[in-house]
Every structure is written in structure tokens, then in C-alpha cells.
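Encoded as C-alpha cells, the structure appears first; notes follow it.
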Amino acid sequence: MAALLSLLCLKPWKELRNLEQEQSFTRAKLEKAHIRLKQAKQEYIWMAQDPEYFEMIARDKNNLALPEENIIRIEPVHSIH
């Protein structure tokens, strides 16, 4: 009887734990998406209001330089946590 009762309680409990973990993961993804959206909106505002910024971004993304302009790129350092 006790074994049957534990089986009946254990499965829903495991499912609840899995759903809680999934919810936590989804919330973290949603938060990252909100941050990316906020950054994209800010960049859009900058590009819409500042033609020089728009030109700089366009040239950077297409790897273009003005005559006699030197481009220096520094790769970001990825930390391991």
C-alpha cells in the first residue's frame, strides 16, 4: 500500500519539479530577450536620429573604411564561469 501511495505521489512531484525548472529556464530566456529588445530599440533610436552613427554602424557591419581611415578591431574576451 505504501509503495503504491509513493508511486502515485512521486510521479506528479517529479513532473512539478521538471515544470518548475522549465519555467525558470523560460523566464531567464525571456529576460535576455527583453534586454536584447531594449538594446535594439536604443540602437534604432540612435540610427534614426544620428546619420553619422548610422553610417558608422553600416560601414562597420560591411567591413568598409573611408579613404585614409584605419580600422582597429579588438576581439572581446570570453570569460568562463
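Residue numbers start at 1 in each chain; chains themselves are named A, B, ... in the order of the C-alpha cells; ligands are numbered from 1 in the order shown.
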Would you mind writing down, as a PDB file with N, CA and C atoms, in the first residue's frame, each residue of chain A that DSSP on the backbone assigns to helix (DSSP H, G or I)?
```pdb
ATOM      1  N   ALA A   2       1.892   1.251   0.843  1.00  0.00           N
ATOM      2  CA  ALA A   2       2.787   2.410   0.934  1.00  0.00           C
ATOM      3  C   ALA A   2       3.535   2.609  -0.386  1.00  0.00           C
ATOM      4  N   ALA A   3       3.909   1.503  -1.016  1.00  0.00           N
ATOM      5  CA  ALA A   3       4.622   1.599  -2.290  1.00  0.00           C
ATOM      6  C   ALA A   3       3.720   2.204  -3.364  1.00  0.00           C
ATOM      7  N   LEU A   4       2.474   1.803  -3.383  1.00  0.00           N
ATOM      8  CA  LEU A   4       1.523   2.346  -4.352  1.00  0.00           C
ATOM      9  C   LEU A   4       1.294   3.834  -4.107  1.00  0.00           C
ATOM     10  N   LEU A   5       1.167   4.197  -2.849  1.00  0.00           N
ATOM     11  CA  LEU A   5       0.967   5.596  -2.493  1.00  0.00           C
ATOM     12  C   LEU A   5       2.176   6.443  -2.886  1.00  0.00           C
ATOM     13  N   SER A   6       3.380   5.907  -2.645  1.00  0.00           N
ATOM     14  CA  SER A   6       4.579   6.659  -3.011  1.00  0.00           C
ATOM     15  C   SER A   6       4.695   6.806  -4.530  1.00  0.00           C
ATOM     16  N   LEU A   7       4.304   5.782  -5.282  1.00  0.00           N
ATOM     17  CA  LEU A   7       4.324   5.872  -6.744  1.00  0.00           C
ATOM     18  C   LEU A   7       3.335   6.921  -7.243  1.00  0.00           C
ATOM     19  N   LEU A   8       2.173   6.986  -6.610  1.00  0.00           N
ATOM     20  CA  LEU A   8       1.165   7.964  -7.010  1.00  0.00           C
ATOM     21  C   LEU A   8       1.610   9.395  -6.709  1.00  0.00           C
ATOM     22  N   CYS A   9       2.363   9.579  -5.650  1.00  0.00           N
ATOM     23  CA  CYS A   9       2.819  10.924  -5.266  1.00  0.00           C
ATOM     24  C   CYS A   9       4.126  11.305  -5.945  1.00  0.00           C
ATOM     25  N   LEU A  10       4.982  10.334  -6.194  1.00  0.00           N
ATOM     26  CA  LEU A  10       6.308  10.607  -6.728  1.00  0.00           C
ATOM     27  C   LEU A  10       6.259  11.141  -8.165  1.00  0.00           C
ATOM     28  N   LYS A  11       5.456  10.550  -9.008  1.00  0.00           N
ATOM     29  CA  LYS A  11       5.395  10.978 -10.407  1.00  0.00           C
ATOM     30  C   LYS A  11       4.927  12.427 -10.546  1.00  0.00           C
ATOM     31  N   PRO A  12       3.827  12.822  -9.898  1.00  0.00           N
ATOM     32  CA  PRO A  12       3.426  14.228 -10.002  1.00  0.00           C
ATOM     33  C   PRO A  12       4.465  15.187  -9.409  1.00  0.00           C
ATOM     34  N   TRP A  13       5.125  14.752  -8.349  1.00  0.00           N
ATOM     35  CA  TRP A  13       6.158  15.597  -7.741  1.00  0.00           C
ATOM     36  C   TRP A  13       7.320  15.814  -8.701  1.00  0.00           C
ATOM     37  N   LYS A  14       7.767  14.739  -9.366  1.00  0.00           N
ATOM     38  CA  LYS A  14       8.849  14.866 -10.358  1.00  0.00           C
ATOM     39  C   LYS A  14       8.410  15.761 -11.516  1.00  0.00           C
ATOM     40  N   GLU A  15       7.194  15.582 -11.955  1.00  0.00           N
ATOM     41  CA  GLU A  15       6.680  16.407 -13.046  1.00  0.00           C
ATOM     42  C   GLU A  15       6.626  17.879 -12.629  1.00  0.00           C
ATOM     43  N   LEU A  16       6.209  18.137 -11.405  1.00  0.00           N
ATOM     44  CA  LEU A  16       6.181  19.505 -10.891  1.00  0.00           C
ATOM     45  C   LEU A  16       7.580  20.102 -10.859  1.00  0.00           C
ATOM     46  N   ARG A  17       8.561  19.357 -10.395  1.00  0.00           N
ATOM     47  CA  ARG A  17       9.954  19.833 -10.365  1.00  0.00           C
ATOM     48  C   ARG A  17      10.444  20.146 -11.780  1.00  0.00           C
ATOM     49  N   ASN A  18      10.134  19.264 -12.730  1.00  0.00           N
ATOM     50  CA  ASN A  18      10.539  19.494 -14.122  1.00  0.00           C
ATOM     51  C   ASN A  18       9.891  20.758 -14.678  1.00  0.00           C
ATOM     52  N   LEU A  19       8.625  20.952 -14.382  1.00  0.00           N
ATOM     53  CA  LEU A  19       7.927  22.147 -14.857  1.00  0.00           C
ATOM     54  C   LEU A  19       8.485  23.414 -14.211  1.00  0.00           C
ATOM     55  N   GLU A  20       8.845  23.329 -12.934  1.00  0.00           N
ATOM     56  CA  GLU A  20       9.444  24.485 -12.262  1.00  0.00           C
ATOM     57  C   GLU A  20      10.796  24.836 -12.881  1.00  0.00           C
ATOM     58  N   GLN A  21      11.602  23.833 -13.203  1.00  0.00           N
ATOM     59  CA  GLN A  21      12.892  24.072 -13.854  1.00  0.00           C
ATOM     60  C   GLN A  21      12.692  24.673 -15.244  1.00  0.00           C
ATOM     61  N   GLU A  22      11.741  24.137 -15.974  1.00  0.00           N
ATOM     62  CA  GLU A  22      11.437  24.662 -17.308  1.00  0.00           C
ATOM     63  C   GLU A  22      10.965  26.115 -17.223  1.00  0.00           C
ATOM     64  N   GLN A  23      10.147  26.418 -16.223  1.00  0.00           N
ATOM     65  CA  GLN A  23       9.656  27.777 -16.030  1.00  0.00           C
ATOM     66  C   GLN A  23      10.818  28.725 -15.720  1.00  0.00           C
ATOM     67  N   SER A  24      11.726  28.297 -14.883  1.00  0.00           N
ATOM     68  CA  SER A  24      12.890  29.108 -14.539  1.00  0.00           C
ATOM     69  C   SER A  24      13.748  29.381 -15.781  1.00  0.00           C
ATOM     70  N   PHE A  25      13.979  28.342 -16.574  1.00  0.00           N
ATOM     71  CA  PHE A  25      14.759  28.479 -17.806  1.00  0.00           C
ATOM     72  C   PHE A  25      14.072  29.435 -18.776  1.00  0.00           C
ATOM     73  N   THR A  26      12.758  29.305 -18.915  1.00  0.00           N
ATOM     74  CA  THR A  26      11.998  30.162 -19.828  1.00  0.00           C
ATOM     75  C   THR A  26      12.014  31.607 -19.358  1.00  0.00           C
ATOM     76  N   ARG A  27      11.914  31.828 -18.055  1.00  0.00           N
ATOM     77  CA  ARG A  27      11.992  33.199 -17.524  1.00  0.00           C
ATOM     78  C   ARG A  27      13.352  33.828 -17.806  1.00  0.00           C
ATOM     79  N   ALA A  28      14.416  33.049 -17.668  1.00  0.00           N
ATOM     80  CA  ALA A  28      15.760  33.559 -17.953  1.00  0.00           C
ATOM     81  C   ALA A  28      15.884  33.930 -19.436  1.00  0.00           C
ATOM     82  N   LYS A  29      15.352  33.077 -20.316  1.00  0.00           N
ATOM     83  CA  LYS A  29      15.382  33.377 -21.754  1.00  0.00           C
ATOM     84  C   LYS A  29      14.581  34.635 -22.060  1.00  0.00           C
ATOM     85  N   LEU A  30      13.432  34.782 -21.398  1.00  0.00           N
ATOM     86  CA  LEU A  30      12.585  35.947 -21.608  1.00  0.00           C
ATOM     87  C   LEU A  30      13.307  37.221 -21.158  1.00  0.00           C
ATOM     88  N   GLU A  31      13.977  37.160 -20.034  1.00  0.00           N
ATOM     89  CA  GLU A  31      14.724  38.320 -19.535  1.00  0.00           C
ATOM     90  C   GLU A  31      15.827  38.717 -20.517  1.00  0.00           C
ATOM     91  N   LYS A  32      16.554  37.729 -21.049  1.00  0.00           N
ATOM     92  CA  LYS A  32      17.592  38.020 -22.044  1.00  0.00           C
ATOM     93  C   LYS A  32      16.973  38.643 -23.294  1.00  0.00           C
ATOM     94  N   ALA A  33      15.817  38.145 -23.697  1.00  0.00           N
ATOM     95  CA  ALA A  33      15.140  38.692 -24.879  1.00  0.00           C
ATOM     96  C   ALA A  33      14.710  40.137 -24.632  1.00  0.00           C
ATOM     97  N   HIS A  34      14.241  40.437 -23.420  1.00  0.00           N
ATOM     98  CA  HIS A  34      13.865  41.813 -23.082  1.00  0.00           C
ATOM     99  C   HIS A  34      15.078  42.738 -23.152  1.00  0.00           C
ATOM    100  N   ILE A  35      16.213  42.265 -22.676  1.00  0.00           N
ATOM    101  CA  ILE A  35      17.442  43.065 -22.722  1.00  0.00           C
ATOM    102  C   ILE A  35      17.852  43.320 -24.166  1.00  0.00           C
ATOM    103  N   ARG A  36      17.824  42.273 -25.011  1.00  0.00           N
ATOM    104  CA  ARG A  36      18.175  42.444 -26.423  1.00  0.00           C
ATOM    105  C   ARG A  36      17.213  43.395 -27.125  1.00  0.00           C
ATOM    106  N   LEU A  37      15.923  43.300 -26.787  1.00  0.00           N
ATOM    107  CA  LEU A  37      14.928  44.191 -27.381  1.00  0.00           C
ATOM    108  C   LEU A  37      15.203  45.638 -26.987  1.00  0.00           C
ATOM    109  N   LYS A  38      15.504  45.858 -25.728  1.00  0.00           N
ATOM    110  CA  LYS A  38      15.802  47.211 -25.252  1.00  0.00           C
ATOM    111  C   LYS A  38      17.026  47.776 -25.967  1.00  0.00           C
ATOM    112  N   GLN A  39      18.062  46.945 -26.132  1.00  0.00           N
ATOM    113  CA  GLN A  39      19.264  47.391 -26.845  1.00  0.00           C
ATOM    114  C   GLN A  39      18.950  47.697 -28.306  1.00  0.00           C
ATOM    115  N   ALA A  40      18.150  46.859 -28.937  1.00  0.00           N
ATOM    116  CA  ALA A  40      17.798  47.074 -30.342  1.00  0.00           C
ATOM    117  C   ALA A  40      16.979  48.356 -30.508  1.00  0.00           C
ATOM    118  N   LYS A  41      16.057  48.607 -29.573  1.00  0.00           N
ATOM    119  CA  LYS A  41      15.275  49.851 -29.642  1.00  0.00           C
ATOM    120  C   LYS A  41      16.171  51.069 -29.498  1.00  0.00           C
ATOM    121  N   GLN A  42      17.132  50.993 -28.568  1.00  0.00           N
ATOM    122  CA  GLN A  42      18.043  52.114 -28.364  1.00  0.00           C
ATOM    123  C   GLN A  42      18.904  52.347 -29.606  1.00  0.00           C
ATOM    124  N   GLU A  43      19.396  51.273 -30.191  1.00  0.00           N
ATOM    125  CA  GLU A  43      20.204  51.405 -31.405  1.00  0.00           C
ATOM    126  C   GLU A  43      19.367  51.982 -32.548  1.00  0.00           C
ATOM    127  N   TYR A  44      18.109  51.561 -32.646  1.00  0.00           N
ATOM    128  CA  TYR A  44      17.224  52.104 -33.679  1.00  0.00           C
ATOM    129  C   TYR A  44      17.051  53.607 -33.495  1.00  0.00           C
ATOM    130  N   ILE A  45      16.850  54.030 -32.248  1.00  0.00           N
ATOM    131  CA  ILE A  45      16.693  55.464 -31.969  1.00  0.00           C
ATOM    132  C   ILE A  45      17.951  56.214 -32.364  1.00  0.00           C
ATOM    133  N   TRP A  46      19.113  55.656 -32.012  1.00  0.00           N
ATOM    134  CA  TRP A  46      20.372  56.324 -32.371  1.00  0.00           C
ATOM    135  C   TRP A  46      20.514  56.437 -33.883  1.00  0.00           C
ATOM    136  N   MET A  47      20.210  55.349 -34.597  1.00  0.00           N
ATOM    137  CA  MET A  47      20.354  55.378 -36.054  1.00  0.00           C
ATOM    138  C   MET A  47      19.355  56.332 -36.691  1.00  0.00           C
ATOM    139  N   ALA A  48      18.151  56.392 -36.147  1.00  0.00           N
ATOM    140  CA  ALA A  48      17.117  57.259 -36.713  1.00  0.00           C
ATOM    141  C   ALA A  48      17.434  58.733 -36.484  1.00  0.00           C
ATOM    142  N   GLN A  49      18.086  59.053 -35.376  1.00  0.00           N
ATOM    143  CA  GLN A  49      18.340  60.440 -35.025  1.00  0.00           C
ATOM    144  C   GLN A  49      19.738  60.927 -35.379  1.00  0.00           C
ATOM    145  N   PRO A  51      22.574  60.428 -38.253  1.00  0.00           N
ATOM    146  CA  PRO A  51      23.038  59.828 -39.506  1.00  0.00           C
ATOM    147  C   PRO A  51      24.503  59.369 -39.433  1.00  0.00           C
ATOM    148  N   GLU A  52      25.328  60.069 -38.671  1.00  0.00           N
ATOM    149  CA  GLU A  52      26.736  59.663 -38.552  1.00  0.00           C
ATOM    150  C   GLU A  52      26.857  58.314 -37.848  1.00  0.00           C
ATOM    151  N   TYR A  53      26.041  58.094 -36.831  1.00  0.00           N
ATOM    152  CA  TYR A  53      26.046  56.801 -36.143  1.00  0.00           C
ATOM    153  C   TYR A  53      25.575  55.703 -37.101  1.00  0.00           C
ATOM    154  N   PHE A  54      24.527  55.981 -37.862  1.00  0.00           N
ATOM    155  CA  PHE A  54      24.022  55.013 -38.844  1.00  0.00           C
ATOM    156  C   PHE A  54      25.118  54.660 -39.845  1.00  0.00           C
ATOM    157  N   GLU A  55      25.834  55.659 -40.340  1.00  0.00           N
ATOM    158  CA  GLU A  55      26.922  55.415 -41.291  1.00  0.00           C
ATOM    159  C   GLU A  55      28.016  54.561 -40.649  1.00  0.00           C
ATOM    160  N   MET A  56      28.366  54.888 -39.401  1.00  0.00           N
ATOM    161  CA  MET A  56      29.421  54.144 -38.711  1.00  0.00           C
ATOM    162  C   MET A  56      29.028  52.667 -38.557  1.00  0.00           C
ATOM    163  N   ILE A  57      27.790  52.417 -38.156  1.00  0.00           N
ATOM    164  CA  ILE A  57      27.323  51.030 -37.986  1.00  0.00           C
ATOM    165  C   ILE A  57      27.297  50.307 -39.331  1.00  0.00           C
ATOM    166  N   ALA A  58      26.804  50.975 -40.360  1.00  0.00           N
ATOM    167  CA  ALA A  58      26.725  50.354 -41.691  1.00  0.00           C
ATOM    168  C   ALA A  58      28.124  50.009 -42.214  1.00  0.00           C
ATOM    169  N   ARG A  59      29.073  50.935 -42.047  1.00  0.00           N
ATOM    170  CA  ARG A  59      30.439  50.659 -42.512  1.00  0.00           C
ATOM    171  C   ARG A  59      31.076  49.553 -41.683  1.00  0.00           C
ATOM    172  N   ASP A  60      30.823  49.548 -40.383  1.00  0.00           N
ATOM    173  CA  ASP A  60      31.397  48.521 -39.519  1.00  0.00           C
ATOM    174  C   ASP A  60      30.865  47.135 -39.887  1.00  0.00           C
ATOM    175  N   LYS A  61      29.564  47.017 -40.082  1.00  0.00           N
ATOM    176  CA  LYS A  61      28.971  45.712 -40.392  1.00  0.00           C
ATOM    177  C   LYS A  61      29.384  45.197 -41.770  1.00  0.00           C
TER     178      LYS A  61
END
```
